[in-house]
>>> print(open('start.pdb').read())   # PDB, C-alpha atoms
ATOM      1  CA  MET A 252    -180.256 -26.121 -38.723
ATOM      2  CA  GLN A 253    -181.056 -26.332 -34.995
ATOM      3  CA  PRO A 254    -184.817 -25.694 -35.442
ATOM      4  CA  LEU A 255    -184.991 -28.502 -38.020
ATOM      5  CA  ILE A 256    -183.178 -30.868 -35.668
ATOM      6  CA  GLU A 257    -185.576 -30.056 -32.845
ATOM      7  CA  LYS A 258    -188.550 -30.509 -35.176
ATOM      8  CA  ALA A 259    -187.263 -33.965 -36.099
ATOM      9  CA  GLY A 260    -187.048 -35.078 -32.469
ATOM     10  CA  GLY A 261    -183.703 -33.716 -31.319
ATOM     11  CA  ILE A 262    -180.125 -34.683 -32.019
ATOM     12  CA  GLY A 263    -180.363 -37.755 -29.794
ATOM     13  CA  SER A 264    -182.719 -39.414 -32.254
ATOM     14  CA  MET A 265    -180.340 -38.982 -35.214
ATOM     15  CA  ARG A 266    -177.654 -41.331 -36.525
ATOM     16  CA  GLY A 267    -175.885 -38.477 -38.251
ATOM     17  CA  ILE A 268    -176.194 -35.578 -40.675
ATOM     18  CA  GLY A 269    -175.801 -35.800 -44.442
ATOM     19  CA  MET A 270    -174.990 -32.745 -46.524
ATOM     20  CA  GLY A 271    -174.739 -31.906 -50.210
ATOM     21  CA  ALA A 272    -172.870 -28.782 -51.307
ATOM     22  CA  PRO A 273    -171.063 -27.471 -54.401
ATOM     23  CA  ASN A 274    -167.520 -28.876 -54.532
ATOM     24  CA  GLY A 275    -168.219 -30.976 -51.457
ATOM     25  CA  ASN A 276    -165.579 -33.693 -51.076
ATOM     26  CA  TYR A 277    -166.945 -37.034 -49.860
ATOM     27  CA  TYR A 278    -163.518 -38.236 -48.741
ATOM     28  CA  SER A 279    -162.359 -35.211 -46.763
ATOM     29  CA  GLY A 280    -165.651 -33.573 -45.745
ATOM     30  CA  THR A 281    -164.435 -30.250 -47.110
ATOM     31  CA  ILE A 282    -165.790 -27.742 -49.606
ATOM     32  CA  GLU A 283    -162.922 -26.827 -51.888
ATOM     33  CA  TYR A 284    -162.737 -23.761 -54.135
ATOM     34  CA  ALA A 285    -166.466 -23.692 -54.927
ATOM     35  CA  PRO A 286    -166.839 -21.284 -57.870
ATOM     36  CA  ASN A 287    -170.475 -20.417 -57.117
ATOM     37  CA  LEU A 288    -170.165 -19.832 -53.369
ATOM     38  CA  PRO A 289    -168.774 -16.799 -51.527
ATOM     39  CA  TRP A 290    -166.559 -19.037 -49.387
ATOM     40  CA  LYS A 291    -162.954 -19.084 -50.535
ATOM     41  CA  GLY A 292    -160.368 -21.819 -50.332
ATOM     42  CA  ILE A 293    -160.949 -25.047 -48.393
ATOM     43  CA  ILE A 294    -163.724 -25.124 -45.777
ATOM     44  CA  PRO A 295    -163.850 -28.125 -43.369
ATOM     45  CA  LEU A 296    -167.640 -28.067 -43.332
ATOM     46  CA  ALA A 297    -168.291 -31.628 -42.137
ATOM     47  CA  LYS A 298    -165.965 -31.166 -39.164
ATOM     48  CA  LEU A 299    -167.510 -27.802 -38.282
ATOM     49  CA  VAL A 300    -171.016 -29.281 -38.252
ATOM     50  CA  SER A 301    -169.914 -32.455 -36.450
ATOM     51  CA  ASP A 302    -168.153 -30.431 -33.754
ATOM     52  CA  LYS A 303    -171.292 -28.360 -33.325
ATOM     53  CA  PHE A 304    -173.838 -31.188 -33.060
ATOM     54  CA  LYS A 305    -171.637 -34.100 -31.860
ATOM     55  CA  VAL A 306    -172.833 -36.587 -34.487
ATOM     56  CA  PRO A 307    -171.143 -38.043 -37.605
ATOM     57  CA  VAL A 308    -171.469 -35.787 -40.661
ATOM     58  CA  THR A 309    -171.123 -36.949 -44.253
ATOM     59  CA  LEU A 310    -170.635 -34.420 -47.041
ATOM     60  CA  THR A 311    -170.706 -34.819 -50.801
ATOM     61  CA  ASN A 312    -171.174 -32.719 -53.904
ATOM     62  CA  ASP A 313    -174.782 -31.538 -54.179
ATOM     63  CA  ALA A 314    -175.244 -33.142 -57.604
ATOM     64  CA  ASN A 315    -173.860 -36.419 -56.250
ATOM     65  CA  ALA A 316    -176.375 -36.229 -53.420
ATOM     66  CA  ALA A 317    -179.148 -35.663 -55.963
ATOM     67  CA  ALA A 318    -177.951 -38.696 -57.942
ATOM     68  CA  ILE A 319    -178.116 -40.888 -54.835
ATOM     69  CA  GLY A 320    -181.590 -39.540 -54.050
ATOM     70  CA  GLU A 321    -182.722 -40.295 -57.591
ATOM     71  CA  MET A 322    -181.239 -43.807 -57.445
ATOM     72  CA  MET A 323    -182.994 -44.659 -54.192
ATOM     73  CA  TYR A 324    -186.300 -42.834 -54.558
ATOM     74  CA  GLY A 325    -186.743 -41.435 -58.075
ATOM     75  CA  ALA A 326    -186.489 -42.064 -61.809
ATOM     76  CA  ALA A 327    -183.224 -44.030 -61.480
ATOM     77  CA  LYS A 328    -184.578 -46.524 -58.951
ATOM     78  CA  GLY A 329    -183.296 -49.948 -59.953
ATOM     79  CA  MET A 330    -180.696 -48.554 -62.370
ATOM     80  CA  LYS A 331    -177.002 -49.332 -61.986
ATOM     81  CA  ASP A 332    -175.721 -47.016 -64.731
ATOM     82  CA  PHE A 333    -177.003 -43.471 -65.127
ATOM     83  CA  ILE A 334    -175.934 -39.849 -65.119
ATOM     84  CA  MET A 335    -177.701 -37.139 -63.144
ATOM     85  CA  ILE A 336    -177.473 -33.623 -64.571
ATOM     86  CA  THR A 337    -178.696 -30.646 -62.564
ATOM     87  CA  LEU A 338    -179.630 -27.624 -64.655
ATOM     88  CA  GLY A 339    -179.950 -24.726 -62.265
ATOM     89  CA  THR A 340    -177.862 -21.628 -61.671
ATOM     90  CA  GLY A 341    -174.982 -23.910 -62.627
ATOM     91  CA  VAL A 342    -174.682 -27.375 -64.165
ATOM     92  CA  GLY A 343    -173.904 -30.179 -61.747
ATOM     93  CA  SER A 344    -173.579 -33.898 -62.379
ATOM     94  CA  GLY A 345    -173.392 -37.214 -60.616
ATOM     95  CA  ILE A 346    -172.263 -40.363 -62.432
ATOM     96  CA  VAL A 347    -173.304 -43.840 -61.321
ATOM     97  CA  ALA A 348    -171.585 -46.812 -62.994
ATOM     98  CA  ASN A 349    -171.996 -50.479 -62.032
ATOM     99  CA  GLY A 350    -174.171 -49.365 -59.143
ATOM    100  CA  GLN A 351    -171.503 -47.120 -57.622
ATOM    101  CA  LEU A 352    -171.312 -43.342 -57.522
ATOM    102  CA  ILE A 353    -168.060 -42.303 -59.168
ATOM    103  CA  TYR A 354    -165.938 -40.152 -56.838
ATOM    104  CA  GLY A 355    -162.515 -40.564 -58.438
ATOM    105  CA  HIS A 356    -159.235 -40.710 -56.526
ATOM    106  CA  ASP A 357    -159.712 -37.283 -54.908
ATOM    107  CA  GLY A 358    -163.493 -37.073 -54.465
ATOM    108  CA  PHE A 359    -164.172 -34.663 -57.324
ATOM    109  CA  ALA A 360    -165.051 -36.928 -60.252
ATOM    110  CA  GLY A 361    -168.097 -36.082 -62.330
ATOM    111  CA  GLU A 362    -167.781 -32.345 -62.909
ATOM    112  CA  LEU A 363    -169.368 -32.435 -66.364
ATOM    113  CA  GLY A 364    -170.537 -28.843 -65.960
ATOM    114  CA  HIS A 365    -166.940 -27.662 -66.177
ATOM    115  CA  THR A 366    -165.980 -29.714 -69.217
ATOM    116  CA  ILE A 367    -165.158 -27.555 -72.238
ATOM    117  CA  VAL A 368    -167.755 -27.643 -75.004
ATOM    118  CA  ILE A 369    -166.619 -24.582 -76.987
ATOM    119  CA  PRO A 370    -162.839 -24.007 -77.016
ATOM    120  CA  ASP A 371    -162.007 -20.380 -76.148
ATOM    121  CA  GLY A 372    -165.722 -19.784 -75.647
ATOM    122  CA  ARG A 373    -167.643 -17.823 -73.054
ATOM    123  CA  MET A 374    -165.803 -16.902 -69.854
ATOM    124  CA  HIS A 375    -166.998 -18.559 -66.644
ATOM    125  CA  GLU A 376    -166.618 -15.925 -63.954
ATOM    126  CA  GLY A 377    -166.323 -18.411 -61.101
ATOM    127  CA  THR A 378    -163.523 -20.520 -62.575
ATOM    128  CA  GLY A 379    -161.867 -18.167 -65.058
ATOM    129  CA  LYS A 380    -162.110 -20.906 -67.716
ATOM    130  CA  ARG A 381    -163.603 -20.452 -71.169
ATOM    131  CA  GLY A 382    -166.256 -22.477 -72.947
ATOM    132  CA  SER A 383    -167.559 -24.738 -70.183
ATOM    133  CA  LEU A 384    -170.924 -26.479 -70.375
ATOM    134  CA  GLU A 385    -172.100 -24.519 -67.332
ATOM    135  CA  SER A 386    -171.450 -21.269 -69.182
ATOM    136  CA  TYR A 387    -174.094 -22.232 -71.747
ATOM    137  CA  ALA A 388    -176.538 -24.827 -70.403
ATOM    138  CA  SER A 389    -177.340 -23.368 -66.978
ATOM    139  CA  ALA A 390    -180.047 -20.809 -66.263
ATOM    140  CA  THR A 391    -177.227 -18.272 -66.034
ATOM    141  CA  GLY A 392    -175.963 -19.440 -69.416
ATOM    142  CA  VAL A 393    -179.406 -19.017 -70.990
ATOM    143  CA  ARG A 394    -179.465 -15.435 -69.759
ATOM    144  CA  LEU A 395    -176.015 -14.738 -71.225
ATOM    145  CA  THR A 396    -177.015 -16.337 -74.531
ATOM    146  CA  THR A 397    -180.113 -14.136 -74.589
ATOM    147  CA  LEU A 398    -178.073 -10.970 -74.103
ATOM    148  CA  GLU A 399    -175.683 -12.019 -76.886
ATOM    149  CA  VAL A 400    -178.476 -12.906 -79.304
ATOM    150  CA  LEU A 401    -180.296  -9.645 -78.687
ATOM    151  CA  GLU A 402    -177.092  -7.703 -79.317
ATOM    152  CA  ASN A 403    -176.093  -9.591 -82.475
ATOM    153  CA  SER A 404    -179.498 -10.016 -84.123
ATOM    154  CA  LYS A 405    -181.923  -7.482 -85.598
ATOM    155  CA  GLU A 406    -184.849  -9.908 -85.321
ATOM    156  CA  GLU A 407    -187.955  -8.496 -83.655
ATOM    157  CA  SER A 408    -188.600 -10.076 -80.264
ATOM    158  CA  MET A 409    -190.724  -9.467 -77.202
ATOM    159  CA  LEU A 410    -187.497  -9.996 -75.232
ATOM    160  CA  ARG A 411    -186.316  -6.571 -76.404
ATOM    161  CA  GLY A 412    -188.944  -4.965 -74.211
ATOM    162  CA  VAL A 413    -187.618  -6.588 -71.041
ATOM    163  CA  ASP A 414    -185.187  -4.749 -68.782
ATOM    164  CA  LYS A 415    -181.769  -6.462 -68.935
ATOM    165  CA  ASP A 416    -181.761  -6.945 -65.173
ATOM    166  CA  LYS A 417    -184.997  -8.939 -65.448
ATOM    167  CA  LEU A 418    -183.989 -11.130 -68.378
ATOM    168  CA  ASP A 419    -183.745 -14.708 -67.137
ATOM    169  CA  ALA A 420    -184.525 -18.242 -68.311
ATOM    170  CA  LYS A 421    -188.140 -17.964 -67.167
ATOM    171  CA  VAL A 422    -188.723 -14.838 -69.252
ATOM    172  CA  VAL A 423    -187.172 -16.558 -72.275
ATOM    173  CA  TYR A 424    -189.411 -19.590 -71.684
ATOM    174  CA  GLU A 425    -192.525 -17.414 -71.506
ATOM    175  CA  ALA A 426    -191.562 -15.757 -74.789
ATOM    176  CA  ALA A 427    -190.803 -19.100 -76.431
ATOM    177  CA  ILE A 428    -194.181 -20.653 -75.633
ATOM    178  CA  LYS A 429    -195.745 -17.632 -77.325
ATOM    179  CA  GLY A 430    -193.764 -18.436 -80.448
ATOM    180  CA  ASP A 431    -191.089 -15.757 -80.172
ATOM    181  CA  LYS A 432    -188.486 -16.662 -82.799
ATOM    182  CA  LEU A 433    -185.429 -15.454 -80.883
ATOM    183  CA  ALA A 434    -186.531 -17.199 -77.704
ATOM    184  CA  LEU A 435    -186.989 -20.454 -79.630
ATOM    185  CA  GLU A 436    -183.524 -20.032 -81.163
ATOM    186  CA  ILE A 437    -182.056 -19.592 -77.681
ATOM    187  CA  PHE A 438    -183.538 -22.900 -76.506
ATOM    188  CA  GLU A 439    -182.410 -24.636 -79.700
ATOM    189  CA  PHE A 440    -178.846 -23.377 -79.167
ATOM    190  CA  THR A 441    -178.872 -24.354 -75.486
ATOM    191  CA  GLY A 442    -180.159 -27.837 -76.343
ATOM    192  CA  LYS A 443    -177.501 -28.197 -79.020
ATOM    193  CA  ILE A 444    -174.711 -27.491 -76.535
ATOM    194  CA  LEU A 445    -176.239 -29.728 -73.869
ATOM    195  CA  GLY A 446    -176.867 -32.541 -76.357
ATOM    196  CA  LEU A 447    -173.245 -32.421 -77.521
ATOM    197  CA  ALA A 448    -171.999 -32.641 -73.932
ATOM    198  CA  LEU A 449    -174.360 -35.521 -73.140
ATOM    199  CA  ALA A 450    -173.173 -37.423 -76.208
ATOM    200  CA  ASN A 451    -169.612 -37.205 -74.910
ATOM    201  CA  ALA A 452    -170.770 -38.380 -71.488
ATOM    202  CA  VAL A 453    -172.648 -41.325 -73.001
ATOM    203  CA  MET A 454    -169.620 -42.457 -74.979
ATOM    204  CA  PHE A 455    -167.392 -42.679 -71.917
ATOM    205  CA  SER A 456    -169.810 -44.316 -69.447
ATOM    206  CA  SER A 457    -172.624 -45.932 -71.520
ATOM    207  CA  PRO A 458    -175.452 -45.128 -69.092
ATOM    208  CA  GLU A 459    -178.945 -46.580 -69.242
ATOM    209  CA  ALA A 460    -180.382 -43.107 -68.768
ATOM    210  CA  ILE A 461    -179.549 -39.471 -68.275
ATOM    211  CA  ILE A 462    -181.765 -37.819 -65.702
ATOM    212  CA  LEU A 463    -182.231 -34.072 -65.844
ATOM    213  CA  PHE A 464    -183.108 -32.121 -62.739
ATOM    214  CA  GLY A 465    -183.454 -28.444 -61.850
ATOM    215  CA  GLY A 466    -185.212 -25.271 -62.880
ATOM    216  CA  LEU A 467    -184.344 -25.370 -66.577
ATOM    217  CA  THR A 468    -186.149 -28.709 -66.993
ATOM    218  CA  LYS A 469    -189.417 -26.855 -66.364
ATOM    219  CA  SER A 470    -189.071 -25.647 -69.949
ATOM    220  CA  GLY A 471    -190.136 -29.145 -71.021
ATOM    221  CA  ASP A 472    -189.806 -30.005 -74.693
ATOM    222  CA  LEU A 473    -188.317 -26.591 -75.455
ATOM    223  CA  ILE A 474    -185.076 -27.877 -73.939
ATOM    224  CA  LEU A 475    -185.643 -31.649 -74.134
ATOM    225  CA  LYS A 476    -186.313 -31.960 -77.877
ATOM    226  CA  PRO A 477    -183.173 -30.159 -79.105
ATOM    227  CA  THR A 478    -181.112 -31.895 -76.416
ATOM    228  CA  ARG A 479    -182.256 -35.360 -77.541
ATOM    229  CA  LYS A 480    -181.811 -34.451 -81.202
ATOM    230  CA  HIS A 481    -178.261 -33.169 -80.850
ATOM    231  CA  MET A 482    -177.215 -35.920 -78.455
ATOM    232  CA  GLU A 483    -178.252 -38.590 -80.947
ATOM    233  CA  GLU A 484    -176.631 -36.753 -83.851
ATOM    234  CA  ASN A 485    -173.296 -36.710 -82.025
ATOM    235  CA  LEU A 486    -173.304 -40.352 -80.930
ATOM    236  CA  ILE A 487    -171.572 -43.074 -82.889
ATOM    237  CA  GLN A 488    -173.905 -45.810 -84.086
ATOM    238  CA  VAL A 489    -173.260 -48.310 -81.313
ATOM    239  CA  PHE A 490    -174.704 -45.850 -78.742
ATOM    240  CA  GLN A 491    -177.584 -44.388 -80.751
ATOM    241  CA  ASN A 492    -181.193 -44.816 -79.576
ATOM    242  CA  LYS A 493    -180.157 -46.649 -76.421
ATOM    243  CA  VAL A 494    -179.991 -43.945 -73.764
ATOM    244  CA  LYS A 495    -183.138 -42.485 -72.241
ATOM    245  CA  ILE A 496    -183.316 -38.823 -71.287
ATOM    246  CA  LEU A 497    -185.641 -38.519 -68.306
ATOM    247  CA  VAL A 498    -186.755 -35.699 -66.060
ATOM    248  CA  SER A 499    -186.438 -36.252 -62.315
ATOM    249  CA  HIS A 500    -189.524 -37.607 -60.535
ATOM    250  CA  LEU A 501    -188.597 -35.857 -57.321
ATOM    251  CA  LYS A 502    -189.469 -32.365 -56.196
ATOM    252  CA  GLU A 503    -186.659 -29.944 -56.947
ATOM    253  CA  SER A 504    -185.899 -29.378 -53.275
ATOM    254  CA  ASP A 505    -186.051 -33.071 -52.349
ATOM    255  CA  ALA A 506    -183.565 -35.062 -54.449
ATOM    256  CA  ALA A 507    -180.338 -33.819 -52.877
ATOM    257  CA  ILE A 508    -181.859 -33.877 -49.378
ATOM    258  CA  LEU A 509    -182.994 -37.492 -49.767
ATOM    259  CA  GLY A 510    -179.612 -38.422 -51.191
ATOM    260  CA  ALA A 511    -177.765 -36.722 -48.359
ATOM    261  CA  SER A 512    -179.870 -38.634 -45.832
ATOM    262  CA  ALA A 513    -179.021 -41.880 -47.628
ATOM    263  CA  LEU A 514    -175.327 -41.084 -47.169
ATOM    264  CA  VAL A 515    -175.827 -41.168 -43.410
ATOM    265  CA  TRP A 516    -177.393 -44.630 -43.629
ATOM    266  CA  GLU A 517    -174.545 -45.845 -45.853
ATOM    267  CA  LYS A 518    -171.860 -44.554 -43.488
ATOM    268  CA  THR A 519    -173.465 -45.755 -40.247
ATOM    269  CA  SER A 520    -174.904 -49.131 -41.289
TER
END
>>> encode(input="start.pdb", output="structure tokens")
Amino acid sequence: MQPLIEKAGGIGSMRGIGMGAPNGNYYSGTIEYAPNLPWKGIIPLAKLVSDKFKVPVTLTNDANAAAIGEMMYGAAKGMKDFIMITLGTGVGSGIVANGQLIYGHDGFAGELGHTIVIPDGRMHEGTGKRGSLESYASATGVRLTTLEVLENSKEESMLRGVDKDKLDAKVVYEAAIKGDKLALEIFEFTGKILGLALANAVMFSSPEAIILFGGLTKSGDLILKPTRKHMEENLIQVFQNKVKILVSHLKESDAAILGASALVWEKTS
């Protein structure tokens, strides 16, 4: 971090530091029981960084930071009601309603990735819970679905020639665009699960749009078409054909960083 601070003109020119991290708590400045990080328990990250650099530090969940970045600089600019979904190694989310990011009473609201979409379904190693959205709709989930499909199907597929250690969402995408039937089925299944989860999210918060962000969105219509289809199929009539599904306008590495910087402005203005 120090080289970046020096590059930006030194700590004296900064109003503060904004940070986005998995399970980051906006209220307490702590990272708490993050399932996808090696750190265990509760880590007072904001205090550690503030003590180091002697400036105010604001911390939030990384998906919340991305949502703020999208609201200020990206596809959600001008929107007061939207949901940001990050589809990367995990599934993160940030929910904005009436122009306000929803934190909940303890700072952890908006964990749609850990909502249960298949009761008693696939085990999530980080949380020990079964059937969560993250277990299916993340890049990790796509890999696990691929391994299951290959084991349970006799269908010919170019995926069978790939070493298991190298099977990932990108490999499945490359097979799918070549018309591989199993690869296409994997994206259809993933979109079905994601669409179901988004329908539930729409019916509790009625957003103007759902904005997708992260590596899995690079699959384009392979993931977007089944997601839209299954979301609409699971919505009651009053919500149908109202909610846009958009892909983030921001570079993958930028949204959360821009959002984290906006937190500093919010806290110090």
>>> resolve_selection(input="start.pdb", expression="the PyMOL selection byres ((chain A and resi 478) around 8)", output="PyMOL selection string")
chain A and resi 441-447+474-477+479-482
>>> atom_distance(input="start.pdb", atom1="atom CA of A:Leu467", atom2="atom CA of A:Thr337")
8.7 Å
>>> resolve_selection(input="start.pdb", expression="the PyMOL selection byres ((chain A and resi 391) around 12)", output="CSV table (one decimal) with C-alpha atoms, keeping the file's coordinate frame")
chain,number,residue,atom,x,y,z
A,287,ASN,CA,-170.5,-20.4,-57.1
A,338,LEU,CA,-179.6,-27.6,-64.7
A,339,GLY,CA,-180.0,-24.7,-62.3
A,340,THR,CA,-177.9,-21.6,-61.7
A,341,GLY,CA,-175.0,-23.9,-62.6
A,342,VAL,CA,-174.7,-27.4,-64.2
A,373,ARG,CA,-167.6,-17.8,-73.1
A,375,HIS,CA,-167.0,-18.6,-66.6
A,376,GLU,CA,-166.6,-15.9,-64.0
A,377,GLY,CA,-166.3,-18.4,-61.1
A,384,LEU,CA,-170.9,-26.5,-70.4
A,385,GLU,CA,-172.1,-24.5,-67.3
A,386,SER,CA,-171.4,-21.3,-69.2
A,387,TYR,CA,-174.1,-22.2,-71.7
A,388,ALA,CA,-176.5,-24.8,-70.4
A,389,SER,CA,-177.3,-23.4,-67.0
A,390,ALA,CA,-180.0,-20.8,-66.3
A,392,GLY,CA,-176.0,-19.4,-69.4
A,393,VAL,CA,-179.4,-19.0,-71.0
A,394,ARG,CA,-179.5,-15.4,-69.8
A,395,LEU,CA,-176.0,-14.7,-71.2
A,396,THR,CA,-177.0,-16.3,-74.5
A,397,THR,CA,-180.1,-14.1,-74.6
A,398,LEU,CA,-178.1,-11.0,-74.1
A,418,LEU,CA,-184.0,-11.1,-68.4
A,419,ASP,CA,-183.7,-14.7,-67.1
A,420,ALA,CA,-184.5,-18.2,-68.3
A,421,LYS,CA,-188.1,-18.0,-67.2
A,423,VAL,CA,-187.2,-16.6,-72.3
A,441,THR,CA,-178.9,-24.4,-75.5
A,466,GLY,CA,-185.2,-25.3,-62.9
A,467,LEU,CA,-184.3,-25.4,-66.6
>>> closest_residue(input="start.pdb", among="A:Asp357, A:Asp431, A:Asp332, A:Glu362", to="A:Pro273", atoms="all atoms listed in the file")
A:Glu362
>>> atom_distance(input="start.pdb", atom1="atom CA of A:Asp472", atom2="atom CA of A:Ile508")
26.8 Å
>>> resolve_selection(input="start.pdb", expression="the PyMOL selection byres ((chain A and resi 411) around 12)", output="JSON, numbers by chain")
{"A": [397, 398, 399, 400, 401, 402, 404, 405, 406, 407, 408, 409, 410, 412, 413, 414, 415, 417, 418, 422, 423, 426, 431, 433, 434]}
>>> atom_distance(input="start.pdb", atom1="atom CA of A:Leu486", atom2="atom CA of A:Ser457")
11.0 Å
>>> closest_residue(input="start.pdb", among="A:Ala297, A:Leu473, A:Leu463, A:Met252", to="A:Ile437", atoms="all atoms listed in the file")
A:Leu473
>>> residues_around(input="start.pdb", residues="A:Gly329", least_positions_apart="2", cutoff="12 Å", atoms="only C-alpha atoms", output="list of chain:residue names")
A:Ile319, A:Glu321, A:Met322, A:Met323, A:Tyr324, A:Gly325, A:Ala326, A:Ala327, A:Lys331, A:Asp332, A:Phe333, A:Val347, A:Asn349, A:Gly350, A:Glu459, A:Ala460
>>> closest_residue(input="start.pdb", among="A:Ile334, A:Ser264, A:His500, A:Ile369", to="A:Val453", atoms="all atoms listed in the file")
A:Ile334
>>> residues_around(input="start.pdb", residues="A:Thr366", least_positions_apart="2", cutoff="7 Å", atoms="all atoms listed in the file", output="VMD selection string")
chain A and resid 363 to 364 368 383 to 384
>>> write_last_selection(input="start.pdb", atoms="C-alpha atoms", output="JSON list (two decimals), keeping the file's coordinate frame")
[["chain", "number", "residue", "atom", "x", "y", "z"],
["A", 363, "LEU", "CA", -169.37, -32.44, -66.36],
["A", 364, "GLY", "CA", -170.54, -28.84, -65.96],
["A", 368, "VAL", "CA", -167.76, -27.64, -75.00],
["A", 383, "SER", "CA", -167.56, -24.74, -70.18],
["A", 384, "LEU", "CA", -170.92, -26.48, -70.38]]
>>> closest_residue(input="start.pdb", among="A:Gly275, A:Val306, A:Ile294, A:Ala317", to="A:Gly263", atoms="all atoms listed in the file")
A:Val306
>>> closest_residue(input="start.pdb", among="A:Ile461, A:Met454, A:Leu497, A:Leu514", to="A:Gly345", atoms="all atoms listed in the file")
A:Ile461
>>> residues_around(input="start.pdb", residues="A:Val308", least_positions_apart="2", cutoff="7 Å", atoms="all atoms listed in the file", output="NGL selection string")
:A and (267-269 or 297 or 300-301 or 306 or 310)
>>> decode(input="start.pdb", residues="stretch 382-439 of chain A", atoms="C-alpha atoms", output="tab-separated table (two decimals), in the first residue's frame")
chain	number	residue	atom	x	y	z
A	382	GLY	CA	-27.15	-25.33	-1.33
A	383	SER	CA	-26.09	-21.68	-1.38
A	384	LEU	CA	-26.18	-19.57	-4.53
A	385	GLU	CA	-22.41	-19.15	-4.35
A	386	SER	CA	-21.98	-22.92	-4.51
A	387	TYR	CA	-23.56	-22.91	-7.98
A	388	ALA	CA	-23.36	-19.50	-9.66
A	389	SER	CA	-19.73	-18.56	-8.97
A	390	ALA	CA	-16.77	-19.53	-11.14
A	391	THR	CA	-15.99	-22.12	-8.47
A	392	GLY	CA	-19.56	-23.38	-8.72
A	393	VAL	CA	-19.31	-23.73	-12.50
A	394	ARG	CA	-16.23	-25.88	-12.04
A	395	LEU	CA	-18.00	-28.10	-9.50
A	396	THR	CA	-21.03	-28.41	-11.77
A	397	THR	CA	-18.72	-29.42	-14.62
A	398	LEU	CA	-17.12	-32.18	-12.55
A	399	GLU	CA	-20.55	-33.48	-11.52
A	400	VAL	CA	-21.93	-33.42	-15.07
A	401	LEU	CA	-18.90	-35.22	-16.46
A	402	GLU	CA	-19.23	-37.91	-13.80
A	403	ASN	CA	-22.99	-38.40	-14.19
A	404	SER	CA	-23.32	-38.13	-17.98
A	405	LYS	CA	-22.06	-40.36	-20.79
A	406	GLU	CA	-22.37	-37.55	-23.35
A	407	GLU	CA	-19.29	-36.98	-25.49
A	408	SER	CA	-17.58	-33.68	-24.68
A	409	MET	CA	-14.30	-31.94	-25.36
A	410	LEU	CA	-14.25	-31.23	-21.60
A	411	ARG	CA	-13.41	-34.90	-21.00
A	412	GLY	CA	-9.98	-34.30	-22.49
A	413	VAL	CA	-9.11	-31.59	-19.98
A	414	ASP	CA	-7.16	-32.40	-16.83
A	415	LYS	CA	-9.43	-31.98	-13.79
A	416	ASP	CA	-7.00	-29.51	-12.23
A	417	LYS	CA	-7.35	-27.28	-15.30
A	418	LEU	CA	-11.13	-27.41	-15.59
A	419	ASP	CA	-12.49	-23.94	-14.86
A	420	ALA	CA	-15.23	-21.59	-16.06
A	421	LYS	CA	-13.04	-20.28	-18.88
A	422	VAL	CA	-12.46	-23.77	-20.27
A	423	VAL	CA	-16.20	-24.46	-20.10
A	424	TYR	CA	-16.88	-21.17	-21.90
A	425	GLU	CA	-14.41	-22.02	-24.67
A	426	ALA	CA	-16.10	-25.40	-25.14
A	427	ALA	CA	-19.56	-23.84	-25.13
A	428	ILE	CA	-18.82	-21.33	-27.88
A	429	LYS	CA	-17.70	-24.27	-30.00
A	430	GLY	CA	-21.09	-25.86	-29.48
A	431	ASP	CA	-20.14	-28.50	-26.92
A	432	LYS	CA	-23.45	-29.88	-25.63
A	433	LEU	CA	-22.33	-30.54	-22.06
A	434	ALA	CA	-20.73	-27.12	-21.75
A	435	LEU	CA	-23.95	-25.49	-22.97
A	436	GLU	CA	-25.94	-27.53	-20.44
A	437	ILE	CA	-23.64	-26.32	-17.67
A	438	PHE	CA	-24.31	-22.67	-18.54
A	439	GLU	CA	-28.04	-23.34	-18.83
